[in-house]
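Student: Contents are mmCIF, C-alpha atoms; file name data.cif:
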data_coords
loop_
_atom_site.group_PDB
_atom_site.id
_atom_site.type_symbol
_atom_site.label_atom_id
_atom_site.label_comp_id
_atom_site.auth_asym_id
_atom_site.auth_seq_id
_atom_site.Cartn_x
_atom_site.Cartn_y
_atom_site.Cartn_z
ATOM 1 C CA MET J 172 0.000 0.000 0.000
ATOM 2 C CA MET J 173 1.164 3.419 -0.878
ATOM 3 C CA ALA J 174 0.055 6.543 0.981
ATOM 4 C CA HIS J 175 -0.178 9.889 -0.808
ATOM 5 C CA SER J 176 -0.599 13.157 1.005
ATOM 6 C CA ALA J 177 -2.218 16.089 -0.717
ATOM 7 C CA ILE J 178 -1.173 19.599 0.159
ATOM 8 C CA SER J 179 -3.161 22.517 -1.195
ATOM 9 C CA VAL J 180 -1.671 26.010 -1.148
ATOM 10 C CA GLN J 181 -3.756 28.973 -2.214
ATOM 11 C CA PRO J 182 -1.752 32.213 -2.381
ATOM 12 C CA ALA J 183 -3.761 35.236 -1.380
ATOM 13 C CA MET J 184 -3.440 38.324 -3.533
ATOM 14 C CA MET J 185 -4.496 41.821 -2.664
ATOM 15 C CA VAL J 186 -4.511 44.647 -5.193
ATOM 16 C CA THR J 187 -4.282 48.255 -4.123
ATOM 17 C CA THR J 188 -3.713 51.474 -5.995
ATOM 18 C CA SER J 189 -1.577 54.328 -4.807
ATOM 19 C CA ASN J 190 -3.660 56.954 -6.631
ATOM 20 C CA ALA J 191 -5.422 59.067 -4.007
ATOM 21 C CA MET J 192 -7.839 60.591 -6.533
ATOM 22 C CA LEU J 193 -9.577 57.417 -7.646
ATOM 23 C CA ASN J 194 -12.698 59.253 -8.766
ATOM 24 C CA GLN J 195 -10.975 61.648 -11.208
ATOM 25 C CA TRP J 196 -9.249 61.263 -14.559
ATOM 26 C CA SER J 197 -5.481 61.283 -14.082
ATOM 27 C CA SER J 198 -5.241 64.024 -16.730
ATOM 28 C CA GLY J 199 -7.617 66.326 -18.550
ATOM 29 C CA VAL J 200 -8.865 65.962 -22.100
ATOM 30 C CA CYS J 201 -6.646 68.811 -23.306
ATOM 31 C CA ASP J 202 -3.528 67.711 -21.392
ATOM 32 C CA CYS J 203 -2.023 66.043 -24.454
ATOM 33 C CA CYS J 204 1.441 67.469 -23.800
ATOM 34 C CA GLU J 205 1.736 65.598 -20.489
ATOM 35 C CA ASP J 206 2.835 62.501 -22.388
ATOM 36 C CA MET J 207 4.445 63.399 -25.709
ATOM 37 C CA GLY J 208 4.690 59.753 -26.804
ATOM 38 C CA VAL J 209 0.940 59.305 -26.563
ATOM 39 C CA CYS J 210 0.349 62.727 -28.120
ATOM 40 C CA CYS J 211 2.596 62.036 -31.120
ATOM 41 C CA CYS J 212 1.112 58.591 -31.641
ATOM 42 C CA GLY J 213 -2.384 60.091 -31.561
ATOM 43 C CA PHE J 214 -1.410 62.807 -34.042
ATOM 44 C CA TRP J 215 0.651 60.788 -36.528
ATOM 45 C CA CYS J 216 -1.038 57.387 -36.312
ATOM 46 C CA PRO J 217 -4.389 57.750 -34.546
ATOM 47 C CA TYR J 218 -5.692 54.267 -35.346
ATOM 48 C CA CYS J 219 -2.514 52.723 -33.913
ATOM 49 C CA LEU J 220 -3.153 54.557 -30.637
ATOM 50 C CA MET J 221 -6.833 53.648 -30.674
ATOM 51 C CA CYS J 222 -6.197 49.952 -31.323
ATOM 52 C CA ARG J 223 -3.404 49.713 -28.737
ATOM 53 C CA THR J 224 -5.507 51.486 -26.099
ATOM 54 C CA SER J 225 -8.469 49.250 -26.849
ATOM 55 C CA GLU J 226 -6.333 46.131 -26.470
ATOM 56 C CA GLU J 227 -4.739 47.367 -23.213
ATOM 57 C CA PHE J 228 -8.231 47.998 -21.853
ATOM 58 C CA GLY J 229 -9.130 44.385 -22.571
ATOM 59 C CA GLU J 230 -11.253 44.885 -25.661
ATOM 60 C CA CYS J 231 -10.717 43.593 -29.178
ATOM 61 C CA LEU J 232 -7.677 45.065 -30.926
ATOM 62 C CA CYS J 233 -9.680 45.919 -34.060
ATOM 63 C CA LEU J 234 -12.695 47.418 -32.277
ATOM 64 C CA PRO J 235 -11.793 51.062 -33.058
ATOM 65 C CA LEU J 236 -11.590 50.235 -36.762
ATOM 66 C CA LEU J 237 -15.376 49.864 -36.747
ATOM 67 C CA GLU J 238 -15.659 53.636 -36.433
ATOM 68 C CA MET J 239 -14.457 53.944 -40.004
ATOM 69 C CA CYS J 240 -17.661 52.169 -41.063
ATOM 70 C CA PHE J 241 -20.197 53.232 -38.455
ATOM 71 C CA GLY J 242 -18.908 56.395 -36.804
ATOM 72 C CA ARG J 243 -20.548 59.505 -38.214
ATOM 73 C CA ILE J 244 -21.444 62.382 -35.913
ATOM 74 C CA ILE J 245 -20.938 60.607 -32.604
ATOM 75 C CA PRO J 246 -18.209 57.935 -32.713
ATOM 76 C CA PRO J 247 -19.894 54.957 -30.980
ATOM 77 C CA VAL J 248 -16.749 52.970 -30.155
ATOM 78 C CA THR J 249 -15.022 55.969 -28.593
ATOM 79 C CA LEU J 250 -18.142 56.786 -26.583
ATOM 80 C CA SER J 251 -18.523 53.224 -25.331
ATOM 81 C CA MET J 252 -14.802 52.912 -24.468
ATOM 82 C CA ARG J 253 -14.786 56.187 -22.539
ATOM 83 C CA SER J 254 -17.964 55.439 -20.598
ATOM 84 C CA SER J 255 -16.795 51.882 -19.911
ATOM 85 C CA MET J 256 -13.419 53.129 -18.665
ATOM 86 C CA ARG J 257 -15.150 55.716 -16.499
ATOM 87 C CA GLU J 258 -17.392 53.040 -14.991
ATOM 88 C CA ARG J 259 -14.595 50.495 -14.479
ATOM 89 C CA PHE J 260 -12.327 52.969 -12.693
ATOM 90 C CA HIS J 261 -15.193 54.710 -10.817
ATOM 91 C CA ILE J 262 -14.411 58.088 -12.361
ATOM 92 C CA LYS J 263 -16.931 60.874 -11.851
ATOM 93 C CA GLY J 264 -18.878 61.939 -14.907
ATOM 94 C CA SER J 265 -21.944 61.203 -16.962
ATOM 95 C CA ILE J 266 -22.832 59.818 -20.344
ATOM 96 C CA GLN J 267 -23.822 63.357 -21.433
ATOM 97 C CA ASP J 268 -20.339 64.638 -20.639
ATOM 98 C CA ASP J 269 -18.812 61.689 -22.470
ATOM 99 C CA CYS J 270 -21.028 62.297 -25.495
ATOM 100 C CA CYS J 271 -20.086 65.982 -25.745
ATOM 101 C CA VAL J 272 -16.356 65.399 -25.326
ATOM 102 C CA VAL J 273 -16.295 62.462 -27.729
ATOM 103 C CA THR J 274 -18.200 64.388 -30.409
ATOM 104 C CA PHE J 275 -15.896 67.407 -30.446
ATOM 105 C CA CYS J 276 -12.498 66.084 -29.276
ATOM 106 C CA THR J 277 -12.280 62.461 -30.384
ATOM 107 C CA MET J 278 -8.506 62.121 -30.603
ATOM 108 C CA CYS J 279 -7.968 64.063 -27.393
ATOM 109 C CA VAL J 280 -10.283 61.572 -25.680
ATOM 110 C CA TRP J 281 -8.246 58.625 -26.993
ATOM 111 C CA CYS J 282 -5.048 60.301 -25.770
ATOM 112 C CA GLN J 283 -6.668 60.830 -22.358
ATOM 113 C CA MET J 284 -7.768 57.201 -22.168
ATOM 114 C CA ALA J 285 -4.264 56.010 -23.132
ATOM 115 C CA ARG J 286 -2.722 58.224 -20.433
ATOM 116 C CA GLU J 287 -5.278 56.943 -17.916
ATOM 117 C CA LEU J 288 -4.432 53.310 -18.618
ATOM 118 C CA LYS J 289 -0.735 54.114 -18.409
ATOM 119 C CA ALA J 290 -1.186 55.905 -15.070
ATOM 120 C CA ARG J 291 -3.335 53.125 -13.641
ATOM 121 C CA ARG J 292 -0.886 50.461 -14.791
ATOM 122 C CA HIS J 293 2.056 52.224 -13.101
ATOM 123 C CA SER J 294 0.152 52.861 -9.872
ATOM 124 C CA LEU J 295 -0.903 49.218 -9.446
ATOM 125 C CA VAL J 296 0.745 47.460 -6.516
ATOM 126 C CA ILE J 297 0.320 43.720 -6.055
ATOM 127 C CA ILE J 298 0.922 42.413 -2.554
ATOM 128 C CA ASN J 299 1.334 38.691 -1.973
ATOM 129 C CA PRO J 300 1.489 38.065 1.776
ATOM 130 C CA ALA J 301 3.120 35.018 3.298
ATOM 131 C CA VAL J 302 1.047 31.937 2.758
ATOM 132 C CA ASN J 303 0.428 29.204 5.308
ATOM 133 C CA PRO J 304 -0.059 25.834 3.608
ATOM 134 C CA VAL J 305 -3.288 24.043 4.306
ATOM 135 C CA HIS J 306 -2.745 20.370 4.966
ATOM 136 C CA GLN J 307 -5.497 18.046 3.957
ATOM 137 C CA SER J 308 -6.045 14.605 5.340
ATOM 138 C CA VAL J 309 -3.855 11.831 4.044
ATOM 139 C CA GLN J 310 -5.526 9.852 1.300
ATOM 140 C CA VAL J 311 -4.697 6.171 0.907
ATOM 141 C CA PHE J 312 -5.180 4.508 -2.452
ATOM 142 C CA ASN J 313 -5.688 0.756 -2.366
ATOM 143 C CA GLN J 314 -4.919 -0.523 -5.815
ATOM 144 C CA PRO J 315 -3.555 -3.957 -6.548
ATOM 145 C CA LEU J 316 -0.204 -3.945 -8.241
ATOM 146 C CA GLN J 317 -0.436 -5.443 -11.684
ATOM 147 C CA PRO J 318 2.416 -6.104 -14.035
ATOM 148 C CA ILE J 319 2.446 -4.000 -17.206
ATOM 149 C CA ASN J 320 1.672 -5.962 -20.303
ATOM 150 C CA PRO J 321 4.430 -5.161 -22.873
ATOM 151 C CA ALA J 322 2.051 -5.944 -25.771
ATOM 152 C CA TYR J 323 -0.313 -3.222 -24.626
#
Starting from the file, give its structure as C-alpha coordinates.

Tutor:
Amino acid sequence: MMAHSAISVQPAMMVTTSNAMLNQWSSGVCDCCEDMGVCCCGFWCPYCLMCRTSEEFGECLCLPLLEMCFGRIIPPVTLSMRSSMRERFHIKGSIQDDCCVVTFCTMCVWCQMARELKARRHSLVIINPAVNPVHQSVQVFNQPLQPINPAY
(Lines of atoms letter the chains of each structure in order from A and count residues from 1; the text may use other names and numbers.)
(Lines give C-alpha, C1' and ligand atoms only; values in the text may rest on other atoms or scores of the structure.)
Protein backbone atom coordinates (compact mmCIF):
# COMPACT_ATOMS: atom_id res chain seq x y z
CA MET A 1 0.00 0.00 0.00
CA MET A 2 1.16 3.42 -0.88
CA ALA A 3 0.05 6.54 0.98
CA HIS A 4 -0.18 9.89 -0.81
CA SER A 5 -0.60 13.16 1.00
CA ALA A 6 -2.22 16.09 -0.72
CA ILE A 7 -1.17 19.60 0.16
CA SER A 8 -3.16 22.52 -1.20
CA VAL A 9 -1.67 26.01 -1.15
CA GLN A 10 -3.76 28.97 -2.21
CA PRO A 11 -1.75 32.21 -2.38
CA ALA A 12 -3.76 35.24 -1.38
CA MET A 13 -3.44 38.32 -3.53
CA MET A 14 -4.50 41.82 -2.66
CA VAL A 15 -4.51 44.65 -5.19
CA THR A 16 -4.28 48.26 -4.12
CA THR A 17 -3.71 51.47 -6.00
CA SER A 18 -1.58 54.33 -4.81
CA ASN A 19 -3.66 56.95 -6.63
CA ALA A 20 -5.42 59.07 -4.01
CA MET A 21 -7.84 60.59 -6.53
CA LEU A 22 -9.58 57.42 -7.65
CA ASN A 23 -12.70 59.25 -8.77
CA GLN A 24 -10.98 61.65 -11.21
CA TRP A 25 -9.25 61.26 -14.56
CA SER A 26 -5.48 61.28 -14.08
CA SER A 27 -5.24 64.02 -16.73
CA GLY A 28 -7.62 66.33 -18.55
CA VAL A 29 -8.87 65.96 -22.10
CA CYS A 30 -6.65 68.81 -23.31
CA ASP A 31 -3.53 67.71 -21.39
CA CYS A 32 -2.02 66.04 -24.45
CA CYS A 33 1.44 67.47 -23.80
CA GLU A 34 1.74 65.60 -20.49
CA ASP A 35 2.84 62.50 -22.39
CA MET A 36 4.44 63.40 -25.71
CA GLY A 37 4.69 59.75 -26.80
CA VAL A 38 0.94 59.30 -26.56
CA CYS A 39 0.35 62.73 -28.12
CA CYS A 40 2.60 62.04 -31.12
CA CYS A 41 1.11 58.59 -31.64
CA GLY A 42 -2.38 60.09 -31.56
CA PHE A 43 -1.41 62.81 -34.04
CA TRP A 44 0.65 60.79 -36.53
CA CYS A 45 -1.04 57.39 -36.31
CA PRO A 46 -4.39 57.75 -34.55
CA TYR A 47 -5.69 54.27 -35.35
CA CYS A 48 -2.51 52.72 -33.91
CA LEU A 49 -3.15 54.56 -30.64
CA MET A 50 -6.83 53.65 -30.67
CA CYS A 51 -6.20 49.95 -31.32
CA ARG A 52 -3.40 49.71 -28.74
CA THR A 53 -5.51 51.49 -26.10
CA SER A 54 -8.47 49.25 -26.85
CA GLU A 55 -6.33 46.13 -26.47
CA GLU A 56 -4.74 47.37 -23.21
CA PHE A 57 -8.23 48.00 -21.85
CA GLY A 58 -9.13 44.39 -22.57
CA GLU A 59 -11.25 44.89 -25.66
CA CYS A 60 -10.72 43.59 -29.18
CA LEU A 61 -7.68 45.07 -30.93
CA CYS A 62 -9.68 45.92 -34.06
CA LEU A 63 -12.70 47.42 -32.28
CA PRO A 64 -11.79 51.06 -33.06
CA LEU A 65 -11.59 50.23 -36.76
CA LEU A 66 -15.38 49.86 -36.75
CA GLU A 67 -15.66 53.64 -36.43
CA MET A 68 -14.46 53.94 -40.00
CA CYS A 69 -17.66 52.17 -41.06
CA PHE A 70 -20.20 53.23 -38.45
CA GLY A 71 -18.91 56.40 -36.80
CA ARG A 72 -20.55 59.50 -38.21
CA ILE A 73 -21.44 62.38 -35.91
CA ILE A 74 -20.94 60.61 -32.60
CA PRO A 75 -18.21 57.94 -32.71
CA PRO A 76 -19.89 54.96 -30.98
CA VAL A 77 -16.75 52.97 -30.16
CA THR A 78 -15.02 55.97 -28.59
CA LEU A 79 -18.14 56.79 -26.58
CA SER A 80 -18.52 53.22 -25.33
CA MET A 81 -14.80 52.91 -24.47
CA ARG A 82 -14.79 56.19 -22.54
CA SER A 83 -17.96 55.44 -20.60
CA SER A 84 -16.79 51.88 -19.91
CA MET A 85 -13.42 53.13 -18.66
CA ARG A 86 -15.15 55.72 -16.50
CA GLU A 87 -17.39 53.04 -14.99
CA ARG A 88 -14.60 50.50 -14.48
CA PHE A 89 -12.33 52.97 -12.69
CA HIS A 90 -15.19 54.71 -10.82
CA ILE A 91 -14.41 58.09 -12.36
CA LYS A 92 -16.93 60.87 -11.85
CA GLY A 93 -18.88 61.94 -14.91
CA SER A 94 -21.94 61.20 -16.96
CA ILE A 95 -22.83 59.82 -20.34
CA GLN A 96 -23.82 63.36 -21.43
CA ASP A 97 -20.34 64.64 -20.64
CA ASP A 98 -18.81 61.69 -22.47
CA CYS A 99 -21.03 62.30 -25.49
CA CYS A 100 -20.09 65.98 -25.75
CA VAL A 101 -16.36 65.40 -25.33
CA VAL A 102 -16.29 62.46 -27.73
CA THR A 103 -18.20 64.39 -30.41
CA PHE A 104 -15.90 67.41 -30.45
CA CYS A 105 -12.50 66.08 -29.28
CA THR A 106 -12.28 62.46 -30.38
CA MET A 107 -8.51 62.12 -30.60
CA CYS A 108 -7.97 64.06 -27.39
CA VAL A 109 -10.28 61.57 -25.68
CA TRP A 110 -8.25 58.62 -26.99
CA CYS A 111 -5.05 60.30 -25.77
CA GLN A 112 -6.67 60.83 -22.36
CA MET A 113 -7.77 57.20 -22.17
CA ALA A 114 -4.26 56.01 -23.13
CA ARG A 115 -2.72 58.22 -20.43
CA GLU A 116 -5.28 56.94 -17.92
CA LEU A 117 -4.43 53.31 -18.62
CA LYS A 118 -0.73 54.11 -18.41
CA ALA A 119 -1.19 55.91 -15.07
CA ARG A 120 -3.34 53.12 -13.64
CA ARG A 121 -0.89 50.46 -14.79
CA HIS A 122 2.06 52.22 -13.10
CA SER A 123 0.15 52.86 -9.87
CA LEU A 124 -0.90 49.22 -9.45
CA VAL A 125 0.75 47.46 -6.52
CA ILE A 126 0.32 43.72 -6.05
CA ILE A 127 0.92 42.41 -2.55
CA ASN A 128 1.33 38.69 -1.97
CA PRO A 129 1.49 38.07 1.78
CA ALA A 130 3.12 35.02 3.30
CA VAL A 131 1.05 31.94 2.76
CA ASN A 132 0.43 29.20 5.31
CA PRO A 133 -0.06 25.83 3.61
CA VAL A 134 -3.29 24.04 4.31
CA HIS A 135 -2.74 20.37 4.97
CA GLN A 136 -5.50 18.05 3.96
CA SER A 137 -6.05 14.61 5.34
CA VAL A 138 -3.86 11.83 4.04
CA GLN A 139 -5.53 9.85 1.30
CA VAL A 140 -4.70 6.17 0.91
CA PHE A 141 -5.18 4.51 -2.45
CA ASN A 142 -5.69 0.76 -2.37
CA GLN A 143 -4.92 -0.52 -5.82
CA PRO A 144 -3.56 -3.96 -6.55
CA LEU A 145 -0.20 -3.95 -8.24
CA GLN A 146 -0.44 -5.44 -11.68
CA PRO A 147 2.42 -6.10 -14.04
CA ILE A 148 2.45 -4.00 -17.21
CA ASN A 149 1.67 -5.96 -20.30
CA PRO A 150 4.43 -5.16 -22.87
CA ALA A 151 2.05 -5.94 -25.77
CA TYR A 152 -0.31 -3.22 -24.63

Student: I need the residue nearest Cys270 in chain J from this list: J:Cys233, J:Leu250, J:Cys212, J:Leu220. Use all atoms listed in the file for the distance.

Tutor: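 Looking at the shortest contact to Cys270 in chain J, the residue is J:Leu250.
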
Student: So what do you get for CA of Met207 in chain J versus CA of Cys240 in chain J, distance-wise?

Tutor: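 It comes out at 29.2 Å.
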
Student: Please expand the PyMOL selection byres ((chain J and resi 288) around 10) into the concrete residues it hits in this file, giving the result as a ChimeraX atom specification.

Tutor: /J:197,224,227-228,256,260,283-287,289-294

Student: Could you jot down the CA of Glu238 in chain J to CA of Val200 in chain J separation for me, Å, one decimal place?

Tutor: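 Taking CA of Glu238 in chain J and CA of Val200 in chain J, their separation equals 20.1 Å.
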
Student: Between J:Cys216, J:Ser255, J:Cys201, J:Ser225, which has the minimum distance to Phe275 in chain J (counting only C-alpha atoms)?

Tutor: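 Checking each candidate against Phe275 in chain J, we get J:Cys201 as the closest.
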
Student: What gap, in Å, lies between CA of Pro246 in chain J and CA of Met278 in chain J?

Tutor: 10.8 Å

Student: Set the distance at 10 Å and use all atoms listed in the file: which residues neighbour Arg257 in chain J once local chain neighbours fewer than 5 positions away are removed? I'd like the list as a list in words.

Tutor: Asn194, Gln195, Trp196, Ser251, Met252, Ile262, Lys263, Gly264, Ser265, Ile266, Asp269 and Met284 of chain J

Student: Hey, can you pull every residue with an atom no more than 10 Å from (-13.0, 55.4, -33.5), using all atoms listed in the file, and send it as number ranges by chain?

Tutor: J: 217-218, 221-222, 234-243, 245-250, 252, 273, 277-278, 281

Student: Tell me which of J:Cys231, J:Ile244, J:Cys211, J:Cys204 sits closest to Thr274 in chain J, counting all atoms listed in the file.

Tutor: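 Ranked by minimum distance to Thr274 in chain J, first place goes to J:Ile244.
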
Student: Edge lengths and centre in Å to one decimal, as JSON, is what I'm after for the box along x, y and z that holds all listed atoms of range 232-240 of chain J once 3 Å is added on each side.

Tutor:
{"center_x": -12.7, "center_y": 49.5, "center_z": -36.0, "size_x": 16.0, "size_y": 14.9, "size_z": 16.1}
